[in-house]
>>> print(open('target31.cif').read())   # mmCIF, C-alpha atoms
data_query
#
loop_
_atom_site.label_atom_id
_atom_site.label_comp_id
_atom_site.auth_asym_id
_atom_site.auth_seq_id
_atom_site.Cartn_x
_atom_site.Cartn_y
_atom_site.Cartn_z
CA GLY A 1 -94.41 -40.57 124.98
CA ALA A 2 -93.44 -43.43 122.68
CA GLY A 3 -89.91 -43.42 121.40
CA VAL A 4 -88.42 -44.90 118.27
CA SER A 5 -89.15 -48.60 118.03
CA GLN A 6 -87.42 -51.21 115.91
CA SER A 7 -88.22 -54.78 115.05
CA PRO A 8 -87.10 -57.44 115.31
CA SER A 9 -84.71 -56.84 118.20
CA ASN A 10 -82.61 -59.78 117.06
CA LYS A 11 -82.39 -61.51 113.71
CA VAL A 12 -80.33 -64.55 112.83
CA THR A 13 -80.22 -65.49 109.18
CA GLU A 14 -78.25 -67.65 106.82
CA LYS A 15 -75.82 -66.24 104.32
CA GLY A 16 -77.57 -65.45 101.05
CA LYS A 17 -81.00 -64.84 102.54
CA ASP A 18 -82.80 -61.49 102.42
CA VAL A 19 -83.77 -59.64 105.60
CA GLU A 20 -86.10 -56.77 106.38
CA LEU A 21 -85.64 -54.52 109.38
CA ARG A 22 -88.41 -52.20 110.51
CA CYS A 23 -88.34 -48.79 112.17
CA ASP A 24 -91.26 -46.88 113.68
CA PRO A 25 -90.15 -43.28 114.27
CA ILE A 26 -91.50 -40.87 116.84
CA SER A 27 -94.81 -39.50 115.62
CA GLY A 28 -94.43 -36.18 113.84
CA HIS A 29 -90.70 -36.48 113.22
CA THR A 30 -89.99 -35.61 109.62
CA ALA A 31 -86.49 -37.03 109.41
CA LEU A 32 -85.49 -40.69 109.69
CA TYR A 33 -82.01 -42.17 109.63
CA TRP A 34 -80.48 -45.64 109.45
CA TYR A 35 -77.05 -46.40 110.89
CA ARG A 36 -74.96 -49.54 111.19
CA GLN A 37 -72.77 -50.28 114.19
CA SER A 38 -70.30 -53.13 114.10
CA LEU A 39 -69.13 -54.66 117.38
CA GLY A 40 -67.27 -52.09 119.45
CA GLN A 41 -67.35 -49.55 116.66
CA GLY A 42 -68.91 -46.15 116.06
CA LEU A 43 -71.97 -45.30 114.02
CA GLU A 44 -71.83 -45.73 110.26
CA PHE A 45 -74.43 -43.62 108.43
CA LEU A 46 -76.47 -45.56 105.87
CA ILE A 47 -79.45 -43.55 104.62
CA TYR A 48 -81.51 -40.46 105.50
CA PHE A 49 -85.12 -39.59 104.73
CA GLN A 50 -86.39 -36.03 105.09
CA GLY A 51 -90.09 -35.43 104.49
CA ASN A 52 -91.05 -36.06 100.89
CA SER A 53 -87.58 -35.39 99.52
CA ALA A 54 -85.55 -38.02 97.75
CA PRO A 55 -83.59 -40.00 100.35
CA ASP A 56 -79.87 -39.48 100.86
CA LYS A 57 -78.49 -42.93 100.10
CA SER A 58 -74.85 -41.92 100.14
CA GLY A 59 -73.97 -44.25 103.04
CA LEU A 60 -75.36 -47.50 101.67
CA PRO A 61 -72.38 -49.86 101.35
CA SER A 62 -73.62 -51.79 98.32
CA ASP A 63 -76.62 -52.23 96.05
CA ARG A 64 -77.73 -55.13 98.25
CA PHE A 65 -78.92 -52.51 100.73
CA SER A 66 -82.10 -50.51 100.18
CA ALA A 67 -84.62 -48.69 102.31
CA GLU A 68 -88.01 -47.16 101.93
CA ARG A 69 -90.22 -44.99 104.05
CA THR A 70 -93.94 -45.32 103.54
CA GLY A 71 -96.31 -42.45 104.19
CA GLY A 72 -93.57 -40.41 105.80
CA SER A 73 -93.59 -42.70 108.81
CA VAL A 74 -92.51 -46.35 109.05
CA SER A 75 -89.28 -47.33 107.34
CA THR A 76 -87.95 -50.69 106.22
CA LEU A 77 -84.28 -51.44 105.59
CA THR A 78 -83.79 -54.41 103.29
CA ILE A 79 -80.57 -56.32 102.87
CA GLN A 80 -80.55 -58.77 99.99
CA ARG A 81 -78.29 -61.81 99.72
CA THR A 82 -76.85 -61.22 103.18
CA GLN A 83 -73.14 -61.74 103.79
CA GLN A 84 -71.36 -62.44 107.06
CA GLU A 85 -69.86 -58.96 107.04
CA ASP A 86 -73.40 -57.57 107.25
CA SER A 87 -73.58 -58.80 110.84
CA ALA A 88 -73.98 -55.71 113.02
CA VAL A 89 -76.48 -53.70 115.00
CA TYR A 90 -78.72 -51.62 112.76
CA LEU A 91 -79.94 -48.46 114.44
CA CYS A 92 -82.76 -46.21 113.37
CA ALA A 93 -83.16 -42.60 114.53
CA SER A 94 -85.76 -39.93 113.93
CA SER A 95 -85.60 -36.19 114.31
CA PRO A 96 -88.04 -33.28 114.43
CA GLY A 97 -85.43 -30.95 112.97
CA PRO A 98 -81.96 -30.77 111.52
CA ASN A 99 -79.90 -31.43 114.63
CA THR A 100 -80.92 -33.71 117.46
CA GLN A 101 -81.67 -37.34 116.68
CA TYR A 102 -83.49 -39.87 118.83
CA PHE A 103 -82.44 -43.48 118.46
CA GLY A 104 -84.28 -46.75 118.67
CA PRO A 105 -82.91 -49.79 120.50
CA GLY A 106 -81.50 -51.32 117.34
CA THR A 107 -81.78 -54.66 115.57
CA ARG A 108 -78.91 -57.06 116.10
CA LEU A 109 -78.36 -58.94 112.84
CA THR A 110 -76.29 -62.10 112.77
CA VAL A 111 -75.51 -63.72 109.44
CA LEU A 112 -74.33 -67.30 109.76
CA GLY B 113 -63.62 -32.58 106.47
CA GLN B 114 -65.60 -32.48 109.68
CA GLN B 115 -64.01 -35.36 111.50
CA LEU B 116 -64.63 -35.49 115.23
CA ASN B 117 -61.74 -36.79 117.30
CA GLN B 118 -62.90 -38.18 120.59
CA SER B 119 -60.58 -39.02 123.47
CA PRO B 120 -59.82 -41.04 125.34
CA GLN B 121 -60.89 -44.09 123.37
CA SER B 122 -61.59 -45.94 126.61
CA MET B 123 -61.26 -45.42 130.31
CA PHE B 124 -61.39 -47.65 133.33
CA ILE B 125 -62.37 -45.83 136.48
CA GLN B 126 -63.32 -46.63 140.03
CA GLU B 127 -66.74 -45.90 141.37
CA GLY B 128 -66.84 -42.42 142.86
CA GLU B 129 -64.21 -40.96 140.55
CA ASP B 130 -64.81 -38.05 138.22
CA VAL B 131 -64.55 -38.67 134.48
CA SER B 132 -63.61 -36.24 131.75
CA MET B 133 -63.66 -36.77 127.99
CA ASN B 134 -63.44 -34.46 125.04
CA CYS B 135 -64.18 -34.08 121.40
CA THR B 136 -62.21 -31.92 118.97
CA SER B 137 -62.47 -30.98 115.34
CA SER B 138 -60.59 -28.90 112.81
CA SER B 139 -63.96 -27.51 111.73
CA ILE B 140 -66.38 -25.23 113.54
CA PHE B 141 -69.60 -26.70 114.87
CA ASN B 142 -72.70 -24.68 115.78
CA THR B 143 -74.16 -27.40 117.95
CA TRP B 144 -72.57 -30.10 120.07
CA LEU B 145 -74.46 -33.17 121.20
CA TRP B 146 -73.45 -35.82 123.70
CA TYR B 147 -75.01 -39.28 123.58
CA LYS B 148 -74.64 -42.31 125.82
CA GLN B 149 -75.11 -45.86 124.60
CA ASP B 150 -75.77 -48.51 127.21
CA PRO B 151 -74.74 -52.05 126.31
CA GLY B 152 -77.30 -53.54 123.93
CA GLU B 153 -79.24 -50.31 123.52
CA GLY B 154 -79.39 -47.39 121.12
CA PRO B 155 -77.68 -44.08 121.93
CA VAL B 156 -79.60 -41.71 124.18
CA LEU B 157 -79.20 -37.95 124.00
CA LEU B 158 -77.68 -36.62 127.21
CA ILE B 159 -76.92 -32.97 126.58
CA ALA B 160 -77.25 -30.55 123.67
CA LEU B 161 -75.15 -27.38 123.46
CA TYR B 162 -76.04 -24.54 121.13
CA LYS B 163 -73.79 -21.61 122.03
CA ALA B 164 -70.03 -21.14 122.26
CA GLY B 165 -68.95 -21.08 125.89
CA GLU B 166 -72.18 -22.68 127.06
CA LEU B 167 -71.92 -24.89 130.13
CA THR B 168 -74.87 -27.22 130.68
CA SER B 169 -75.53 -29.78 133.39
CA ASN B 170 -77.79 -32.81 133.53
CA GLY B 171 -77.53 -34.36 136.98
CA ARG B 172 -73.95 -35.50 137.46
CA LEU B 173 -73.12 -34.71 133.85
CA THR B 174 -71.70 -31.39 132.73
CA ALA B 175 -70.85 -30.50 129.16
CA GLN B 176 -69.20 -27.43 127.72
CA PHE B 177 -69.23 -25.92 124.25
CA GLY B 178 -65.70 -24.72 123.60
CA ILE B 179 -65.08 -21.03 122.93
CA THR B 180 -63.39 -21.80 119.61
CA ARG B 181 -66.46 -23.87 118.59
CA LYS B 182 -64.05 -26.62 117.62
CA ASP B 183 -64.26 -28.65 120.81
CA SER B 184 -66.53 -29.84 123.57
CA PHE B 185 -66.03 -31.55 126.91
CA LEU B 186 -68.16 -33.92 128.95
CA ASN B 187 -67.57 -34.48 132.64
CA ILE B 188 -69.19 -37.07 134.86
CA SER B 189 -68.87 -36.50 138.58
CA ALA B 190 -68.89 -39.19 141.26
CA SER B 191 -69.24 -42.07 138.80
CA ILE B 192 -71.55 -44.98 139.58
CA PRO B 193 -71.73 -48.44 137.98
CA SER B 194 -74.61 -47.44 135.67
CA ASP B 195 -72.36 -44.84 134.01
CA VAL B 196 -70.77 -47.70 132.07
CA GLY B 197 -71.30 -47.42 128.34
CA ILE B 198 -70.06 -45.65 125.25
CA TYR B 199 -70.25 -41.87 125.10
CA PHE B 200 -70.46 -40.26 121.67
CA CYS B 201 -70.10 -36.63 120.72
CA ALA B 202 -71.84 -35.39 117.59
CA GLY B 203 -72.39 -32.24 115.63
CA PRO B 204 -74.38 -31.23 112.54
CA ARG B 205 -72.57 -31.58 109.27
CA THR B 206 -72.30 -28.42 107.19
CA ASP B 207 -71.71 -30.37 103.98
CA SER B 208 -74.96 -32.26 104.28
CA TRP B 209 -77.95 -30.62 105.91
CA GLY B 210 -79.79 -32.70 108.48
CA LYS B 211 -77.01 -35.21 109.07
CA LEU B 212 -74.82 -35.55 112.14
CA GLN B 213 -71.11 -36.28 112.34
CA PHE B 214 -70.35 -38.67 115.20
CA GLY B 215 -67.14 -39.20 117.10
CA ALA B 216 -65.83 -42.75 117.47
CA GLY B 217 -66.92 -42.88 121.11
CA THR B 218 -65.35 -43.18 124.53
CA GLN B 219 -65.89 -46.50 126.28
CA VAL B 220 -66.30 -46.04 130.03
CA VAL B 221 -65.94 -48.95 132.42
CA VAL B 222 -66.67 -48.41 136.10
CA THR B 223 -65.31 -50.80 138.68
CA PRO B 224 -66.69 -51.01 142.21
#
>>> encode(input="target31.cif", output="structure tokens")
Amino acid sequence: GAGVSQSPSNKVTEKGKDVELRCDPISGHTALYWYRQSLGQGLEFLIYFQGNSAPDKSGLPSDRFSAERTGGSVSTLTIQRTQQEDSAVYLCASSPGPNTQYFGPGTRLTVL
Amino acid sequence: GQQLNQSPQSMFIQEGEDVSMNCTSSSIFNTWLWYKQDPGEGPVLLIALYKAGELTSNGRLTAQFGITRKDSFLNISASIPSDVGIYFCAGPRTDSWGKLQFGAGTQVVVTP
């Protein structure tokens, strides 16, 4: 079946511009996660959506980062006024339950 | 906290060799997960372990859930070039339901 998909796969933007990254989770998965991975580094948790509950935003690094999940399905991660240190791979994952997570291919963001 | 210490950080091996890596924590985990991330891709779930002492195989991969529930091991037998990538261990956080704690990863490089 279809896995988690993310778009765009690559995004190059200029410093100060806003970007939107999209995640389509696996159908029926109630949980959705966003992570950031800098070059050669591990996974940095950003935000977690579970059903209709208020999202866990504890990992967002600044107020320039926000995310929403519409209709319990598609999610958009928005980064406003991008900075060079925002350059990273942004990974989305979805999960049918509390443990296992299934990842998308990621969006590679480059801020010039 | 529930930090996961993964070792080694990286390993360079020759094709055909066996590989062993481990993940330890000062906290108890009820589930251990092993993911592999190919270059330019998102992590893919390899093996999930749910019971202390459990030994599970997936092809040339074997993972074990430590008896103390504070560690897990992943072995790759007869490595091949496509085994290259970053291997992450993960476990569910007890301080935040639905979220995973990830290790920093073990980078595996296979030379012919």
>>> resolve_selection(input="target31.cif", expression="the PyMOL selection byres ((chain B) within 6 of (chain A))", output="VMD selection string")
chain B and resid 153 to 155 204 210 216
>>> resolve_selection(input="target31.cif", expression="the PyMOL selection byres ((chain A and resi 20) around 12)", output="number ranges by chain")
A: 6-13, 17-19, 21-23, 64-68, 75-82, 90, 107, 109
>>> write_last_selection(input="target31.cif", atoms="C-alpha atoms", output="mmCIF file, keeping the file's coordinate frame")
data_model
loop_
_atom_site.group_PDB
_atom_site.id
_atom_site.type_symbol
_atom_site.label_atom_id
_atom_site.label_comp_id
_atom_site.auth_asym_id
_atom_site.auth_seq_id
_atom_site.Cartn_x
_atom_site.Cartn_y
_atom_site.Cartn_z
ATOM 1 C CA GLN A 6 -87.420 -51.210 115.910
ATOM 2 C CA SER A 7 -88.220 -54.780 115.050
ATOM 3 C CA PRO A 8 -87.100 -57.440 115.310
ATOM 4 C CA SER A 9 -84.710 -56.840 118.200
ATOM 5 C CA ASN A 10 -82.610 -59.780 117.060
ATOM 6 C CA LYS A 11 -82.390 -61.510 113.710
ATOM 7 C CA VAL A 12 -80.330 -64.550 112.830
ATOM 8 C CA THR A 13 -80.220 -65.490 109.180
ATOM 9 C CA LYS A 17 -81.000 -64.840 102.540
ATOM 10 C CA ASP A 18 -82.800 -61.490 102.420
ATOM 11 C CA VAL A 19 -83.770 -59.640 105.600
ATOM 12 C CA LEU A 21 -85.640 -54.520 109.380
ATOM 13 C CA ARG A 22 -88.410 -52.200 110.510
ATOM 14 C CA CYS A 23 -88.340 -48.790 112.170
ATOM 15 C CA ARG A 64 -77.730 -55.130 98.250
ATOM 16 C CA PHE A 65 -78.920 -52.510 100.730
ATOM 17 C CA SER A 66 -82.100 -50.510 100.180
ATOM 18 C CA ALA A 67 -84.620 -48.690 102.310
ATOM 19 C CA GLU A 68 -88.010 -47.160 101.930
ATOM 20 C CA SER A 75 -89.280 -47.330 107.340
ATOM 21 C CA THR A 76 -87.950 -50.690 106.220
ATOM 22 C CA LEU A 77 -84.280 -51.440 105.590
ATOM 23 C CA THR A 78 -83.790 -54.410 103.290
ATOM 24 C CA ILE A 79 -80.570 -56.320 102.870
ATOM 25 C CA GLN A 80 -80.550 -58.770 99.990
ATOM 26 C CA ARG A 81 -78.290 -61.810 99.720
ATOM 27 C CA THR A 82 -76.850 -61.220 103.180
ATOM 28 C CA TYR A 90 -78.720 -51.620 112.760
ATOM 29 C CA THR A 107 -81.780 -54.660 115.570
ATOM 30 C CA LEU A 109 -78.360 -58.940 112.840
#
>>> residues_near_point(input="target31.cif", point="(-76.5, -26.5, 124.8)", cutoff="8 Å", atoms="all atoms listed in the file", output="count of residues only")
13
>>> atom_distance(input="target31.cif", atom1="atom CA of Cys201 of chain B", atom2="atom CA of Gly28 of chain A")
25.3 Å
>>> atom_distance(input="target31.cif", atom1="atom CA of Asn52 of chain A", atom2="atom CA of Pro96 of chain A")
14.1 Å
>>> atom_distance(input="target31.cif", atom1="atom CA of Ser139 of chain B", atom2="atom CA of Gln115 of chain B")
7.9 Å
>>> closest_residue(input="target31.cif", among="A:Lys57, A:Leu112, A:Gly72, A:Glu85", to="Ile26 of chain A", atoms="all atoms listed in the file")
A:Gly72
>>> resolve_selection(input="target31.cif", expression="the PyMOL selection byres ((chain B and resi 120-126) around 6)", output="PyMOL selection string")
chain B and resi 119+127+129+218-224
>>> closest_residue(input="target31.cif", among="B:Gln114, B:Val156, B:Asn170, B:Val131", to="Ile192 of chain B", atoms="only C-alpha atoms")
B:Val131
